[in-house]
>>> print(open('input30.pdb').read())   # PDB, C-alpha atoms
ATOM      1  CA  MET B  73     -34.715  -3.529  -7.840
ATOM      2  CA  THR B  74     -31.799  -5.410  -9.406
ATOM      3  CA  VAL B  75     -31.531  -6.003 -13.133
ATOM      4  CA  THR B  76     -29.119  -8.533 -14.579
ATOM      5  CA  THR B  77     -28.285  -8.341 -18.245
ATOM      6  CA  GLU B  78     -27.640 -11.340 -20.387
ATOM      7  CA  PRO B  79     -24.058 -12.563 -20.169
ATOM      8  CA  SER B  80     -21.874 -11.347 -22.962
ATOM      9  CA  ALA B  81     -18.783 -13.113 -24.125
ATOM     10  CA  THR B  82     -16.701 -11.498 -21.369
ATOM     11  CA  THR B  83     -18.766 -10.226 -18.430
ATOM     12  CA  THR B  84     -22.070 -10.090 -16.657
ATOM     13  CA  ARG B  85     -23.234  -6.652 -15.597
ATOM     14  CA  THR B  86     -25.487  -6.033 -12.637
ATOM     15  CA  THR B  87     -27.022  -2.640 -12.028
ATOM     16  CA  THR B  88     -29.298  -1.289  -9.352
ATOM     17  CA  ALA B  89     -32.167   0.875 -10.502
ATOM     18  CA  ARG B  90     -32.630   3.957  -8.373
ATOM     19  CA  THR B  91     -36.061   5.097  -7.421
ATOM     20  CA  PRO B  92     -36.377   8.791  -8.223
ATOM     21  CA  VAL B  93     -37.598  11.227  -5.609
ATOM     22  CA  PRO B  94     -41.181  12.167  -6.434
ATOM     23  CA  GLY B  95     -41.367  15.445  -8.303
ATOM     24  CA  THR B  96     -37.757  15.401  -9.527
ATOM     25  CA  PRO B  97     -36.687  14.560 -13.067
ATOM     26  CA  PRO B  98     -34.544  11.467 -13.596
ATOM     27  CA  ILE B  99     -30.823  12.139 -13.744
ATOM     28  CA  SER B 100     -28.499  10.349 -16.113
ATOM     29  CA  GLY B 101     -25.359   8.707 -14.713
ATOM     30  CA  THR B 102     -23.024  11.446 -15.943
ATOM     31  CA  ALA B 103     -25.289  14.246 -14.767
ATOM     32  CA  ARG B 104     -25.540  12.579 -11.351
ATOM     33  CA  LEU B 105     -21.771  12.708 -11.029
ATOM     34  CA  ALA B 106     -21.656  16.319 -12.130
ATOM     35  CA  ARG B 107     -24.215  17.381  -9.505
ATOM     36  CA  ARG B 108     -22.688  15.484  -6.577
ATOM     37  CA  PRO B 109     -21.683  17.991  -3.910
ATOM     38  CA  THR B 110     -18.014  17.965  -3.107
ATOM     39  CA  ALA B 111     -16.097  19.445  -0.226
ATOM     40  CA  PRO B 112     -14.248  22.579  -1.261
ATOM     41  CA  ARG B 113     -10.563  21.979  -1.698
ATOM     42  CA  PRO B 114      -8.211  24.368   0.012
ATOM     43  CA  ARG B 115      -6.612  26.750  -2.403
ATOM     44  CA  ALA B 116      -2.872  26.435  -2.799
ATOM     45  CA  ALA B 117      -2.376  30.004  -1.554
ATOM     46  CA  GLU B 118      -4.381  29.314   1.617
ATOM     47  CA  ASP B 119      -2.509  26.067   2.141
ATOM     48  CA  SER B 120       0.796  27.901   1.866
ATOM     49  CA  ARG B 121      -0.371  30.619   4.299
ATOM     50  CA  TRP B 122      -1.249  27.942   6.878
ATOM     51  CA  THR B 123       2.079  26.202   6.297
ATOM     52  CA  ALA B 124       3.907  29.524   6.686
ATOM     53  CA  LEU B 125       2.074  30.209   9.965
ATOM     54  CA  VAL B 126       2.957  26.769  11.307
ATOM     55  CA  GLU B 127       6.593  27.218  10.237
ATOM     56  CA  SER B 128       6.705  30.606  11.987
ATOM     57  CA  VAL B 129       5.405  28.943  15.160
ATOM     58  CA  ARG B 130       7.921  26.141  14.733
ATOM     59  CA  ASP B 131      10.763  28.663  14.497
ATOM     60  CA  ALA B 132       9.508  30.808  17.392
ATOM     61  CA  GLY B 133       8.908  27.826  19.659
ATOM     62  CA  GLN B 134      11.874  25.800  18.446
ATOM     63  CA  TYR B 135       9.657  22.758  17.951
ATOM     64  CA  PRO B 136      11.409  19.717  16.490
ATOM     65  CA  THR B 137       8.759  19.017  13.847
ATOM     66  CA  ALA B 138       6.115  20.859  11.855
ATOM     67  CA  ARG B 139       3.582  18.365  13.179
ATOM     68  CA  GLU B 140       4.279  19.414  16.784
ATOM     69  CA  ALA B 141       4.128  23.094  15.825
ATOM     70  CA  GLU B 142       0.805  22.541  14.073
ATOM     71  CA  ARG B 143      -0.613  20.721  17.095
ATOM     72  CA  ILE B 144       0.373  23.579  19.408
ATOM     73  CA  THR B 145      -0.897  26.172  16.925
ATOM     74  CA  ARG B 146      -4.310  24.507  16.806
ATOM     75  CA  ILE B 147      -4.555  24.240  20.593
ATOM     76  CA  VAL B 148      -3.598  27.868  21.231
ATOM     77  CA  LEU B 149      -5.768  29.304  18.439
ATOM     78  CA  SER B 150      -8.668  27.216  19.688
ATOM     79  CA  ALA B 151      -8.236  28.649  23.187
ATOM     80  CA  LEU B 152      -7.935  32.183  21.783
ATOM     81  CA  GLY B 153     -11.100  31.671  19.750
ATOM     82  CA  GLY B 154     -12.994  31.109  22.975
ATOM     83  CA  GLN B 155     -11.784  34.410  24.408
ATOM     84  CA  LEU B 156     -12.747  36.757  21.589
ATOM     85  CA  ILE B 157     -16.190  37.940  20.533
ATOM     86  CA  GLY B 158     -17.738  40.282  18.030
ATOM     87  CA  GLU B 159     -15.886  42.285  15.417
ATOM     88  CA  GLU B 160     -12.412  41.443  16.698
ATOM     89  CA  ARG B 161     -13.107  37.715  16.462
ATOM     90  CA  VAL B 162     -14.380  38.104  12.896
ATOM     91  CA  ALA B 163     -11.473  40.371  11.899
ATOM     92  CA  LEU B 164      -8.962  37.940  13.402
ATOM     93  CA  ALA B 165     -10.470  35.044  11.454
ATOM     94  CA  ARG B 166     -10.369  37.072   8.221
ATOM     95  CA  ALA B 167      -6.736  38.066   8.721
ATOM     96  CA  LEU B 168      -5.471  34.536   9.301
ATOM     97  CA  PRO B 169      -5.182  31.577   6.917
ATOM     98  CA  GLU B 170      -8.444  29.742   6.297
ATOM     99  CA  GLU B 171      -7.480  26.753   8.426
ATOM    100  CA  ALA B 172      -6.627  29.024  11.379
ATOM    101  CA  ALA B 173      -9.934  30.839  10.909
ATOM    102  CA  ARG B 174     -11.788  27.517  11.102
ATOM    103  CA  VAL B 175     -10.006  26.638  14.342
ATOM    104  CA  ILE B 176     -10.912  29.997  15.886
ATOM    105  CA  ALA B 177     -14.499  29.979  14.638
ATOM    106  CA  SER B 178     -15.107  26.443  15.900
ATOM    107  CA  GLN B 179     -14.959  27.642  19.496
ATOM    108  CA  ILE B 180     -17.940  28.911  21.413
ATOM    109  CA  PRO B 181     -16.998  32.172  23.121
ATOM    110  CA  ALA B 182     -16.505  31.851  26.865
ATOM    111  CA  THR B 183     -19.006  33.473  29.179
ATOM    112  CA  ARG B 184     -16.159  34.849  31.277
ATOM    113  CA  ARG B 185     -12.898  36.222  29.954
ATOM    114  CA  LEU B 186      -9.829  34.552  31.388
ATOM    115  CA  THR B 187      -6.909  36.558  32.698
ATOM    116  CA  ALA B 188      -3.661  35.943  30.843
ATOM    117  CA  ALA B 189      -2.480  33.586  33.597
ATOM    118  CA  GLU B 190      -5.779  31.680  33.535
ATOM    119  CA  PHE B 191      -5.567  31.497  29.739
ATOM    120  CA  VAL B 192      -2.102  29.931  29.943
ATOM    121  CA  ASP B 193      -3.329  27.499  32.597
ATOM    122  CA  SER B 194      -6.292  26.538  30.406
ATOM    123  CA  VAL B 195      -3.928  25.816  27.527
ATOM    124  CA  ALA B 196      -1.760  23.719  29.875
ATOM    125  CA  THR B 197      -4.769  21.468  30.555
ATOM    126  CA  ARG B 198      -5.119  20.825  26.791
ATOM    127  CA  ILE B 199      -1.497  19.771  26.299
ATOM    128  CA  GLU B 200      -0.485  16.445  27.756
ATOM    129  CA  GLY B 201       2.380  16.792  30.223
ATOM    130  CA  ALA B 202       2.421  20.597  30.075
ATOM    131  CA  THR B 203       3.351  22.770  33.024
ATOM    132  CA  PRO B 204       2.438  26.437  33.390
ATOM    133  CA  ALA B 205       5.951  27.326  32.180
ATOM    134  CA  THR B 206       5.842  25.124  29.080
ATOM    135  CA  ALA B 207       2.278  26.261  28.323
ATOM    136  CA  ARG B 208       3.398  29.911  28.563
ATOM    137  CA  TRP B 209       6.153  29.079  26.055
ATOM    138  CA  ASP B 210       3.639  27.397  23.739
ATOM    139  CA  VAL B 211       1.126  30.245  23.977
ATOM    140  CA  SER B 212       3.791  32.876  23.333
ATOM    141  CA  SER B 213       5.213  30.863  20.449
ATOM    142  CA  VAL B 214       1.858  31.049  18.676
ATOM    143  CA  LEU B 215       0.548  34.458  19.712
ATOM    144  CA  SER B 216       3.843  36.273  19.112
ATOM    145  CA  VAL B 217       3.809  35.353  15.412
ATOM    146  CA  LEU B 218       0.301  36.753  14.873
ATOM    147  CA  PRO B 219       0.938  40.546  14.966
ATOM    148  CA  PRO B 220       2.781  40.659  11.602
ATOM    149  CA  LEU B 221      -0.180  38.828  10.027
ATOM    150  CA  LEU B 222      -2.806  40.947  11.771
ATOM    151  CA  GLY B 223      -1.251  44.367  11.526
ATOM    152  CA  GLU B 224      -0.798  46.958  14.246
ATOM    153  CA  SER B 225      -4.390  48.179  14.334
ATOM    154  CA  LEU B 226      -6.083  44.786  14.659
ATOM    155  CA  THR B 227      -3.517  43.536  17.168
ATOM    156  CA  THR B 228      -4.183  46.602  19.328
ATOM    157  CA  ARG B 229      -7.971  46.149  19.045
ATOM    158  CA  ILE B 230      -7.690  42.508  20.088
ATOM    159  CA  LEU B 231      -5.487  43.377  23.047
ATOM    160  CA  MET B 232      -7.920  46.084  24.122
ATOM    161  CA  GLU B 233     -10.697  43.461  24.247
ATOM    162  CA  LEU B 234      -8.680  41.026  26.341
ATOM    163  CA  PRO B 235      -7.807  41.447  30.023
ATOM    164  CA  ARG B 236      -4.485  42.988  30.930
ATOM    165  CA  GLY B 237      -1.486  40.702  30.561
ATOM    166  CA  TYR B 238      -2.152  39.290  27.099
ATOM    167  CA  ALA B 239       0.158  41.818  25.422
ATOM    168  CA  LEU B 240       3.192  39.983  26.785
ATOM    169  CA  LEU B 241       1.899  36.753  25.249
ATOM    170  CA  PHE B 242       1.665  38.568  21.899
ATOM    171  CA  GLY B 243       5.284  39.696  22.280
ATOM    172  CA  ARG B 244       4.417  43.273  23.224
ATOM    173  CA  ALA B 245       5.051  45.408  26.265
ATOM    174  CA  ASP B 246       2.021  45.873  28.495
ATOM    175  CA  LEU B 247       2.623  49.326  29.920
ATOM    176  CA  GLY B 248      -0.642  51.210  29.747
ATOM    177  CA  PRO B 249      -3.654  51.055  32.039
ATOM    178  CA  ARG B 250      -6.773  49.330  30.783
ATOM    179  CA  ARG B 251     -10.318  50.515  31.033
TER     180      ARG B 251
END
>>> encode(input="input30.pdb", output="structure tokens")
Amino acid sequence: MTVTTEPSATTTRTTTARTPVPGTPPISGTARLARRPTAPRPRAAEDSRWTALVESVRDAGQYPTAREAERITRIVLSALGGQLIGEERVALARALPEEAARVIASQIPATRRLTAAEFVDSVATRIEGATPATARWDVSSVLSVLPPLLGESLTTRILMELPRGYALLFGRADLGPRR
């Protein structure tokens, strides 16, 4: 229903009456604005943690721009998110900046774990023009900056859950036998 008020000296105002949902009290205009759900804004500290992660990747991978480093970071974390399950996946998400956690959590875990070489090849398919060598560089550029954020214990737990060969991608020696 549209209601038009009488013209005043300066303007004509047209408003649309809203039909209330049965069983709910009417809401005034200011209360309606106050109750409107809003998307949570990233906290400045979380924003700076994500920026610091991207800058670390940019330095490690020698990427020309932060935008390129962020693109690679998202692709690699997304691929990693598909390889981890259970407590290690949750702990990884908690240890990383909120944006990185969202990227990891958005992936459905794979039904079969990829070897390190297969993982690199899968990342290569997600990056236009990538070769296995450039994808290995990209993967290592991202994964090698994670251990200082994760800590020794969590990094070791994650590596124990992944097939042999991932340690090198995380910037660690892979000397011991796996179960």
>>> residues_around(input="input30.pdb", residues="Ala205 in chain B", least_positions_apart="3", cutoff="9 Å", atoms="all atoms listed in the file", output="PyMOL selection string")
chain B and resi 192+196+202+208-210
>>> atom_distance(input="input30.pdb", atom1="CA of Val195 in chain B", atom2="CA of Leu149 in chain B")
9.9 Å
>>> residues_near_point(input="input30.pdb", point="(-14.2, 43.9, 22.9)", cutoff="10 Å", atoms="all atoms listed in the file", output="count of residues only")
14
>>> closest_residue(input="input30.pdb", among="B:Leu226, B:Thr137, B:Ser120, B:Ala151", to="Leu186 in chain B", atoms="only C-alpha atoms")
B:Ala151
>>> atom_distance(input="input30.pdb", atom1="CA of Pro219 in chain B", atom2="CA of Ala132 in chain B")
13.2 Å
>>> atom_distance(input="input30.pdb", atom1="CA of Arg139 in chain B", atom2="CA of Gly153 in chain B")
20.9 Å
>>> closest_residue(input="input30.pdb", among="B:Arg130, B:Arg198, B:Arg143, B:Arg166", to="Leu222 in chain B", atoms="only C-alpha atoms")
B:Arg166
>>> resolve_selection(input="input30.pdb", expression="the PyMOL selection byres ((chain B and resi 150) around 12)", output="PyMOL selection string")
chain B and resi 142-149+151-156+161+165+171-182+191+194-195+198+211+214-215
>>> resolve_selection(input="input30.pdb", expression="the PyMOL selection byres ((chain B and resi 237) around 9)", output="list in words")
Thr187, Ala188, Ala189, Leu231, Leu234, Pro235, Arg236, Tyr238, Ala239, Leu240, Leu241 and Asp246 of chain B
>>> closest_residue(input="input30.pdb", among="B:Thr197, B:Thr183, B:Ser213, B:Thr203", to="Gln134 in chain B", atoms="only C-alpha atoms")
B:Ser213
>>> closest_residue(input="input30.pdb", among="B:Gly243, B:Pro169, B:Gly223, B:Pro136", to="Trp122 in chain B", atoms="only C-alpha atoms")
B:Pro169
